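Colleague: Next up is a structure, given as structure tokens.
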Amino acid sequence: MMKYIIIAVIILLALIIVGFLFRKKHQAEIERLEQLKLQIQNKPILEELTKVKQLNMNGQTEEMFERWRNIWTEIMDVHIPNIDSLIFDAEDAIDRLKFGKATTIENDIEDKIAKVDRQMTDILIELEDLIGSEEKNRSEMDLIKDQYRQARKNLLAHQHSYGAAAGPLEKKLESFTPLFTEYDALTQQGNYLKAREIVMGLSEESKYVFSLIDDVPPLLSDVQSKIPSYINELRNGQREMEDQSYYLNHLELTGQLDAMEAELAAMKQEIAELDIADAKVKAEAMKDRIDSFYELLEKEVEAKHYIDQHKTDTALLLERVSNDTRDMAEECAVVQLSYKIPENDAAIPKTCLAKLEELHKRFDLLDSRLNEDQSAYSSLAEDLDSIREELTKVDAAQRDFAESLKSLRIDEHEARAKLESLKRTLQETERMLHKANTPGIPEEMDVRLEEAEEHLFVVMQGLQEVPLNMKLVDNYLLKAEKCVLDVEEKAKEMVENVMLIERIIQYGNRFRKTNPQMNAKLMEAEESFRQLRYSKALEEAATAVENFEPGSMKRIEVLVKEEAWHT
């Protein structure tokens, strides 16, 4: 029995807790809905409606004002009290723990609040449009009227600047007057939204018309005055230049200028009809073309100046380079008797002479075309410049080759001097070896000396050949120099090693009697020394004294270097 009582108590407690939680949840929802209701109640409908009263309360404005006020009155007198009643019903259902009913009422409240909120939002948007339209209309229309007055003033004061376009422009401006009147009437009637449509239409039209007022005078000036003036200048310049023997047919100026004049006539008609967009593009293109014509004529003048300045000196340069090249070719033939010249280099004189012959023909043709007065100076100047450029290349090639011919004799003298110097070096090396206090010269050194002598002999033989091949001689000389210097270095090293061995043995003699091990090592070194195996003898002697007294070798080496230097 007690068990059932406990279970019943637990169930009762659970129901109480669940009921408490549901109650709390619904109370929070009621609080949220109450806040939503307060938010829509606080929307500034009345403030905005008050602003509307400052406008002309006629026609459209009055109708809209009445509609908005009726909607607002209905909301505040009917819908809000209805929402308050539903909130009371929901709270009562919650107190009675009728949570299902409370949920239904809450959903109904939220729907009604949303509907009212949409109505109020729509009113605010329409109010903003109306009030904003009035403000925008006033500021934009004031600007349009100011621009209109300035446009009329410009048109009347400078009517001659507009030519045949003055009449159409006047009609365009006159078309604004009825729209201004209609706008003022609609504003007085409170029809601000309809007035807004007129303002927007005027704004677009005014931009177009006022731009015409600004653009037509300079465009008409270009078409009627500036461009024709430029065309006349070009025609006069063309005649003057042709009188001075300029050939200008290739520019086809006359035909292009005639076409431009015909196009100008069509452009005047377009401007008179206020169709200026295409005329503006054409005018700019014409001015660009005219600039290019001036540049072409200037190019012809510059080309003539270039020819007048360089034709004579080009002829002199051509003659001088031709003479120099012929002299170089003759010298090459003489030099080839004594020196062997590579086949590619030997062909340079012939190549240069052939190129010069071609340049002579081109120059003669250019001179002939100049005398005929049937060629553009720009074309002739390009030919002359090309001839000068090619001539400079030929001159540089023949000069370089002439210098290379001269350098052959210099190279020969230097090679002979170098050979004599290497001979002396080898002789001094042999004398040094024979004067040195050595048991003899190792066979390896003799082989090196003989090899060096053979290299020098090859160089000497190469210098006796006719014609002399200096590239081959230089190659032989390079090998001989390397061999002789290598022998000199090895010989000095050998002599120094011999002196070092002698000093080491002298140093070790003081300890031979007391150190049998050193004595044995030094005897081995002496035997290697007598057999002319100097490197091995040095290694054995150095090991003997260094084992006995570490660091002694460095002191001995310093003494030997000082002796060798003094020697």
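For the structure tokens, the naming scheme is as follows: chains receive sequential letters (A, B, ...) according to their order of presentation, residues are indexed from 1 within each chain, and ligands are indexed from 1 in presentation order.
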Can you list, as a list in words, every protein, DNA or RNA residue that comes within 9 Å of Lys287 in chain A when you count only C-alpha atoms, leaving out same-chain residues fewer than 5 positions away?

Modeller: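 Residues near the query, excluding close chain neighbours: Asp222, Ile227, Tyr230, Lys282 and Ser292 of chain A.
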
Colleague: Can you spit out the residues from that selection as an mmCIF file, in the first residue's frame, using N, CA, C and O atoms?

Modeller:
```cif
data_model
loop_
_atom_site.group_PDB
_atom_site.id
_atom_site.type_symbol
_atom_site.label_atom_id
_atom_site.label_comp_id
_atom_site.auth_asym_id
_atom_site.auth_seq_id
_atom_site.Cartn_x
_atom_site.Cartn_y
_atom_site.Cartn_z
ATOM 1 N N ASP A 222 34.684 73.733 -84.490
ATOM 2 C CA ASP A 222 35.590 72.777 -85.143
ATOM 3 C C ASP A 222 35.175 72.528 -86.589
ATOM 4 O O ASP A 222 36.008 72.560 -87.510
ATOM 5 N N ILE A 227 38.682 73.062 -88.342
ATOM 6 C CA ILE A 227 39.073 71.977 -89.254
ATOM 7 C C ILE A 227 39.225 72.484 -90.691
ATOM 8 O O ILE A 227 40.225 72.147 -91.356
ATOM 9 N N TYR A 230 42.512 74.173 -90.869
ATOM 10 C CA TYR A 230 43.619 73.207 -90.914
ATOM 11 C C TYR A 230 43.748 72.619 -92.318
ATOM 12 O O TYR A 230 44.871 72.433 -92.836
ATOM 13 N N LYS A 282 33.354 61.966 -85.217
ATOM 14 C CA LYS A 282 33.976 62.239 -86.516
ATOM 15 C C LYS A 282 34.940 63.424 -86.435
ATOM 16 O O LYS A 282 36.017 63.405 -87.044
ATOM 17 N N SER A 292 48.108 63.707 -88.072
ATOM 18 C CA SER A 292 48.976 62.723 -88.737
ATOM 19 C C SER A 292 49.477 63.257 -90.079
ATOM 20 O O SER A 292 50.617 62.987 -90.476
#
```

Colleague: List the spatial neighbours of range 332-335 of chain A as an mmCIF file with C-alpha atoms, in the first residue's frame - criterion: any atom at most 8 Å away, only C-alpha atoms, same-chain residues fewer than 4 positions off excluded.

Modeller:
```cif
data_model
loop_
_atom_site.group_PDB
_atom_site.id
_atom_site.type_symbol
_atom_site.label_atom_id
_atom_site.label_comp_id
_atom_site.auth_asym_id
_atom_site.auth_seq_id
_atom_site.Cartn_x
_atom_site.Cartn_y
_atom_site.Cartn_z
ATOM 1 C CA MET A 328 93.614 46.159 -97.062
ATOM 2 C CA TYR A 339 101.782 34.282 -92.713
ATOM 3 C CA ALA A 346 91.207 35.455 -95.786
ATOM 4 C CA PRO A 349 88.623 41.413 -98.240
ATOM 5 C CA LEU A 405 97.164 41.750 -90.199
#
```

Colleague: Find the residues near Val484 in chain A: any atom within 8 Å, counting only C-alpha atoms, skip ones fewer than 6 places away on the same chain, and give them as a ChimeraX atom specification.

Modeller: /A:422,425-426,449,452

Colleague: Measuring between only C-alpha atoms, which one of A:Asp288, A:Asp400, A:Glu261, A:Glu298 shows the shortest distance to Ile348 in chain A?

Modeller: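 Checking each candidate against Ile348 in chain A, we get A:Asp400 as the closest.
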
Colleague: Which residues come within 6 Å of Ala525 in chain A, counting only C-alpha atoms, excluding same-chain residues fewer than 2 positions away, as JSON, numbers by chain?

Modeller: {"A": [522, 523, 527, 528, 537, 540, 541]}

Colleague: For Met267 in chain A, list every protein, DNA or RNA residue within 12 Å, evaluated using only C-alpha atoms, and leave out those in the same chain fewer than 4 positions away; present the list as a ChimeraX atom specification.

Modeller: /A:164-165,216,219-224,227,260-263,271-283,286

Colleague: Write to file, as a compact mmCIF listing (two decimals), in the first residue's frame, the residues of the selection just made, with N, CA, C and O atoms.

Modeller:
```txt
# COMPACT_ATOMS: atom_id res chain seq x y z
N ALA A 164 22.67 76.87 -87.28
CA ALA A 164 21.34 76.33 -87.60
C ALA A 164 20.75 75.53 -86.45
O ALA A 164 19.55 75.22 -86.46
N ALA A 165 21.57 75.20 -85.44
CA ALA A 165 21.06 74.42 -84.31
C ALA A 165 20.33 75.30 -83.30
O ALA A 165 19.68 74.79 -82.38
N VAL A 216 27.47 72.09 -78.52
CA VAL A 216 27.29 72.53 -79.90
C VAL A 216 28.27 73.63 -80.31
O VAL A 216 28.89 73.54 -81.39
N LEU A 219 31.83 72.31 -80.95
CA LEU A 219 31.78 71.35 -82.07
C LEU A 219 31.56 72.09 -83.38
O LEU A 219 32.22 71.79 -84.39
N LEU A 220 30.65 73.07 -83.36
CA LEU A 220 30.38 73.84 -84.58
C LEU A 220 31.61 74.66 -84.98
O LEU A 220 31.89 74.81 -86.17
N SER A 221 32.33 75.15 -83.99
CA SER A 221 33.56 75.89 -84.28
C SER A 221 34.58 74.98 -84.98
O SER A 221 35.25 75.39 -85.93
N ASP A 222 34.68 73.73 -84.49
CA ASP A 222 35.59 72.78 -85.14
C ASP A 222 35.18 72.53 -86.59
O ASP A 222 36.01 72.56 -87.51
N VAL A 223 33.87 72.29 -86.78
CA VAL A 223 33.37 71.89 -88.10
C VAL A 223 33.37 73.05 -89.09
O VAL A 223 33.69 72.88 -90.27
N GLN A 224 33.02 74.24 -88.62
CA GLN A 224 32.90 75.38 -89.53
C GLN A 224 34.19 76.18 -89.68
O GLN A 224 34.39 76.82 -90.71
N ILE A 227 38.68 73.06 -88.34
CA ILE A 227 39.07 71.98 -89.25
C ILE A 227 39.23 72.48 -90.69
O ILE A 227 40.23 72.15 -91.36
N MET A 260 37.28 64.81 -96.58
CA MET A 260 37.01 65.42 -95.28
C MET A 260 36.08 66.63 -95.42
O MET A 260 35.18 66.83 -94.61
N GLU A 261 36.30 67.43 -96.46
CA GLU A 261 35.43 68.59 -96.67
C GLU A 261 33.99 68.16 -96.96
O GLU A 261 33.03 68.79 -96.48
N ALA A 262 33.83 67.10 -97.73
CA ALA A 262 32.49 66.59 -97.99
C ALA A 262 31.85 66.07 -96.71
O ALA A 262 30.65 66.27 -96.45
N GLU A 263 32.64 65.45 -95.89
CA GLU A 263 32.14 64.92 -94.63
C GLU A 263 31.76 66.05 -93.68
O GLU A 263 30.79 65.95 -92.92
N ILE A 271 24.55 68.43 -86.97
CA ILE A 271 24.53 69.36 -85.84
C ILE A 271 23.24 70.18 -85.85
O ILE A 271 22.62 70.42 -84.81
N ALA A 272 22.84 70.63 -87.04
CA ALA A 272 21.60 71.41 -87.16
C ALA A 272 20.40 70.60 -86.68
O ALA A 272 19.43 71.15 -86.15
N GLU A 273 20.48 69.27 -86.84
CA GLU A 273 19.40 68.38 -86.40
C GLU A 273 19.64 67.87 -84.99
O GLU A 273 18.93 66.97 -84.52
N LEU A 274 20.67 68.44 -84.31
CA LEU A 274 21.03 68.09 -82.93
C LEU A 274 21.48 66.64 -82.78
O LEU A 274 21.47 66.08 -81.67
N ASP A 275 21.89 66.05 -83.87
CA ASP A 275 22.44 64.68 -83.82
C ASP A 275 23.97 64.81 -83.72
O ASP A 275 24.68 64.61 -84.72
N ILE A 276 24.44 65.15 -82.52
CA ILE A 276 25.86 65.53 -82.42
C ILE A 276 26.78 64.40 -81.95
O ILE A 276 28.00 64.54 -82.02
N ALA A 277 26.23 63.32 -81.46
CA ALA A 277 27.08 62.25 -80.92
C ALA A 277 28.03 61.74 -81.99
O ALA A 277 29.26 61.65 -81.77
N ASP A 278 27.48 61.42 -83.16
CA ASP A 278 28.31 60.91 -84.25
C ASP A 278 29.24 62.00 -84.79
O ASP A 278 30.39 61.75 -85.12
N ALA A 279 28.73 63.24 -84.83
CA ALA A 279 29.55 64.35 -85.33
C ALA A 279 30.75 64.61 -84.43
O ALA A 279 31.85 64.92 -84.91
N LYS A 280 30.57 64.45 -83.11
CA LYS A 280 31.69 64.64 -82.18
C LYS A 280 32.78 63.61 -82.43
O LYS A 280 33.97 63.93 -82.45
N VAL A 281 32.38 62.38 -82.62
CA VAL A 281 33.35 61.30 -82.88
C VAL A 281 34.10 61.57 -84.19
O VAL A 281 35.34 61.45 -84.26
N LYS A 282 33.35 61.97 -85.22
CA LYS A 282 33.98 62.24 -86.52
C LYS A 282 34.94 63.42 -86.44
O LYS A 282 36.02 63.40 -87.04
N ALA A 283 34.54 64.48 -85.68
CA ALA A 283 35.40 65.66 -85.57
C ALA A 283 36.74 65.31 -84.89
O ALA A 283 37.80 65.75 -85.34
N MET A 286 38.83 63.40 -87.29
CA MET A 286 39.40 64.30 -88.31
C MET A 286 40.63 65.03 -87.78
O MET A 286 41.65 65.15 -88.46
```

Colleague: Can you tell me, as an mmCIF file with N, CA, C and O atoms, in the first residue's frame, what residues are no more than 10 Å from Ser379 in chain A when counting only C-alpha atoms, ignoring any on the same chain fewer than 3 positions away?

Modeller:
```cif
data_model
loop_
_atom_site.group_PDB
_atom_site.id
_atom_site.type_symbol
_atom_site.label_atom_id
_atom_site.label_comp_id
_atom_site.auth_asym_id
_atom_site.auth_seq_id
_atom_site.Cartn_x
_atom_site.Cartn_y
_atom_site.Cartn_z
ATOM 1 N N GLU A 300 58.659 64.450 -94.191
ATOM 2 C CA GLU A 300 59.282 64.677 -95.494
ATOM 3 C C GLU A 300 60.317 65.798 -95.415
ATOM 4 O O GLU A 300 61.396 65.708 -96.005
ATOM 5 N N ALA A 303 63.274 64.474 -93.637
ATOM 6 C CA ALA A 303 63.988 63.537 -94.508
ATOM 7 C C ALA A 303 64.848 64.295 -95.526
ATOM 8 O O ALA A 303 65.989 63.910 -95.804
ATOM 9 N N LEU A 366 70.024 55.832 -105.701
ATOM 10 C CA LEU A 366 69.438 56.875 -104.858
ATOM 11 C C LEU A 366 69.674 58.261 -105.459
ATOM 12 O O LEU A 366 68.776 59.096 -105.494
ATOM 13 N N SER A 375 60.378 60.608 -106.194
ATOM 14 C CA SER A 375 60.414 59.720 -105.024
ATOM 15 C C SER A 375 60.278 60.558 -103.759
ATOM 16 O O SER A 375 60.779 61.682 -103.679
ATOM 17 N N ALA A 376 59.609 59.976 -102.787
ATOM 18 C CA ALA A 376 59.431 60.671 -101.512
ATOM 19 C C ALA A 376 60.764 60.748 -100.771
ATOM 20 O O ALA A 376 61.535 59.780 -100.751
ATOM 21 N N GLU A 382 65.366 56.818 -95.836
ATOM 22 C CA GLU A 382 65.499 55.465 -95.274
ATOM 23 C C GLU A 382 66.573 54.684 -96.018
ATOM 24 O O GLU A 382 67.384 53.974 -95.402
ATOM 25 N N ASP A 383 66.588 54.813 -97.367
ATOM 26 C CA ASP A 383 67.617 54.131 -98.161
ATOM 27 C C ASP A 383 69.012 54.646 -97.806
ATOM 28 O O ASP A 383 69.958 53.861 -97.651
ATOM 29 N N LEU A 384 69.125 55.975 -97.698
ATOM 30 C CA LEU A 384 70.425 56.563 -97.379
ATOM 31 C C LEU A 384 70.902 56.114 -96.003
ATOM 32 O O LEU A 384 72.084 55.785 -95.818
ATOM 33 N N ASP A 385 70.002 56.104 -95.057
ATOM 34 C CA ASP A 385 70.358 55.669 -93.708
ATOM 35 C C ASP A 385 70.799 54.213 -93.710
ATOM 36 O O ASP A 385 71.756 53.836 -93.017
#
```

Colleague: Report the residues of range 140-294 of chain A whose backbone DSSP state falls under alpha helix (DSSP H), written as a count of residues only.

Modeller: 126

Colleague: Would you compute the distance between CA of Leu456 in chain A and CA of Leu472 in chain A? Give it in Å to one decimal.

Modeller: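 Rounded to one decimal, the two atoms are 13.5 Å apart.
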
Colleague: Would you work out the distance separating CA of Leu365 in chain A from CA of Asp395 in chain A, expressed in Å to one decimal?

Modeller: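 Taking CA of Leu365 in chain A and CA of Asp395 in chain A, their separation equals 21.3 Å.
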
Colleague: When you count only C-alpha atoms, which of these residues is closest to Leu408 in chain A: A:Ser368, A:Gln336, A:Ser175, A:Gln464?

Modeller: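 Going through A:Ser368, A:Gln336, A:Ser175, A:Gln464 one by one, the smallest distance to Leu408 in chain A is for A:Gln336.
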
Colleague: As an exercise, work out the distance from CA of Ala266 in chain A to CA of Arg239 in chain A in Å and give it to one decimal place.

Modeller: 26.9 Å
